[in-house]
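Right, one structure below, let's go through it.
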Amino acid sequence: MTLDLSFFRSETSQRLREEGRIRGLAEVLARCILDILDARSIEVPPDVHVRITSCDDQVMLRSWLRLSATVTNVADLSAAGQA
């Protein structure tokens, strides 16, 4: 019995893998941002939490990640990038 593996090499399959990779990286970045803010005892309101976890813009997430190490409150993070 032979299996048709052409789907796994198809453009659709490649696109789906890339979308999954991008979403996975976004989830990791968001979790890191929230973990850093938590470790620094900076409270994150529910609406900001949702904005961070639903963001898939890697440039914005990386910016928030850098800022999460230095801001003193979430308003500072929000002012820098609409978190």
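Simple scheme: letters A, B, ... for chains in structure tokens order, numbers from 1 for residues in each chain, numbers from 1 for ligands in the order shown.
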
Could you give me, as a PyMOL selection string, the residues within 12 Å of region 43-46 of chain A, counting only C-alpha atoms and dropping anything in the same chain fewer than 2 positions from it? chain A and resi 33-41+48-53+68+71-78+83

Residues just named, written with N, CA and C atoms as a tab-separated table (two decimals), in the first residue's frame:
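New file result.tsv:
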```tsv
chain	number	residue	atom	x	y	z
A	33	ILE	N	5.67	38.41	27.75
A	33	ILE	CA	5.32	39.76	28.19
A	33	ILE	C	4.54	39.70	29.49
A	34	LEU	N	3.52	38.86	29.52
A	34	LEU	CA	2.69	38.76	30.72
A	34	LEU	C	3.47	38.19	31.90
A	35	ASP	N	4.35	37.25	31.64
A	35	ASP	CA	5.18	36.69	32.72
A	35	ASP	C	6.13	37.73	33.30
A	36	ILE	N	6.73	38.53	32.44
A	36	ILE	CA	7.64	39.57	32.93
A	36	ILE	C	6.88	40.60	33.75
A	37	LEU	N	5.74	41.04	33.25
A	37	LEU	CA	4.94	42.01	34.00
A	37	LEU	C	4.50	41.43	35.34
A	38	ASP	N	4.13	40.16	35.35
A	38	ASP	CA	3.73	39.50	36.59
A	38	ASP	C	4.91	39.41	37.57
A	39	ALA	N	6.07	39.05	37.06
A	39	ALA	CA	7.26	38.94	37.93
A	39	ALA	C	7.64	40.30	38.51
A	40	ARG	N	7.30	41.36	37.79
A	40	ARG	CA	7.61	42.71	38.26
A	40	ARG	C	6.45	43.30	39.06
A	41	SER	N	5.43	42.47	39.34
A	41	SER	CA	4.23	42.88	40.10
A	41	SER	C	3.49	44.04	39.46
A	48	VAL	N	-6.31	44.74	28.66
A	48	VAL	CA	-4.93	44.77	28.16
A	48	VAL	C	-4.43	43.34	27.95
A	49	HIS	N	-4.79	42.46	28.86
A	49	HIS	CA	-4.42	41.04	28.74
A	49	HIS	C	-4.94	40.49	27.41
A	50	VAL	N	-6.18	40.78	27.09
A	50	VAL	CA	-6.78	40.31	25.84
A	50	VAL	C	-6.07	40.91	24.64
A	51	ARG	N	-5.74	42.21	24.70
A	51	ARG	CA	-5.04	42.84	23.58
A	51	ARG	C	-3.68	42.21	23.34
A	52	ILE	N	-2.99	41.90	24.42
A	52	ILE	CA	-1.66	41.29	24.28
A	52	ILE	C	-1.79	39.87	23.72
A	53	THR	N	-2.68	39.07	24.29
A	53	THR	CA	-2.78	37.67	23.87
A	53	THR	C	-3.43	37.50	22.50
A	68	SER	N	8.32	45.71	28.51
A	68	SER	CA	7.84	45.06	29.74
A	68	SER	C	8.93	44.93	30.79
A	71	VAL	N	9.01	49.24	31.99
A	71	VAL	CA	7.88	50.10	32.36
A	71	VAL	C	7.55	49.96	33.83
A	72	THR	N	6.91	50.98	34.37
A	72	THR	CA	6.51	50.93	35.78
A	72	THR	C	5.03	50.65	35.94
A	73	ASN	N	4.27	50.76	34.84
A	73	ASN	CA	2.85	50.40	34.86
A	73	ASN	C	2.39	50.09	33.44
A	74	VAL	N	1.24	49.49	33.34
A	74	VAL	CA	0.73	49.08	32.03
A	74	VAL	C	0.41	50.29	31.16
A	75	ALA	N	0.10	51.42	31.77
A	75	ALA	CA	-0.18	52.63	30.98
A	75	ALA	C	1.03	53.01	30.15
A	76	ASP	N	2.24	52.83	30.70
A	76	ASP	CA	3.45	53.12	29.94
A	76	ASP	C	3.59	52.18	28.75
A	77	LEU	N	3.22	50.94	28.94
A	77	LEU	CA	3.25	49.97	27.85
A	77	LEU	C	2.20	50.35	26.80
A	78	SER	N	1.03	50.74	27.27
A	78	SER	CA	-0.05	51.13	26.37
A	78	SER	C	0.32	52.35	25.56
A	83	ALA	N	-1.23	48.91	23.84
A	83	ALA	CA	-1.52	47.64	24.53
A	83	ALA	C	-2.77	47.78	25.35
```

List the neighbours of region 15-25 of chain A out to 10 Å using only C-alpha atoms; skip same-chain residues closer than 5 positions along the sequence, and give me the result as a PyMOL selection string. chain A and resi 8+10+30-31+54-58+61

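Checking A:Ser6, A:Ile42, A:Arg62, A:Thr70 one by one against Val28 (chain A), counting only C-alpha atoms, you find the shortest gap at A:Arg62.
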
Nearest to Ala26 (chain A), chosen from A:Asp47, A:Ser13, A:Trp64, A:Leu5, with only C-alpha atoms counted in the distances: A:Trp64

Identify, with DSSP run on backbone atoms, the residues in chain A assigned to alpha helix (DSSP H), and express the list as a ChimeraX atom specification. /A:6-9,11-39,46-54,58-68,74-81

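Residue nearest Cys32 (chain A) within the list A:Ala79, A:Leu3, A:Glu11, A:Leu65: A:Leu65 [criterion: smallest interatomic distance, only C-alpha atoms].
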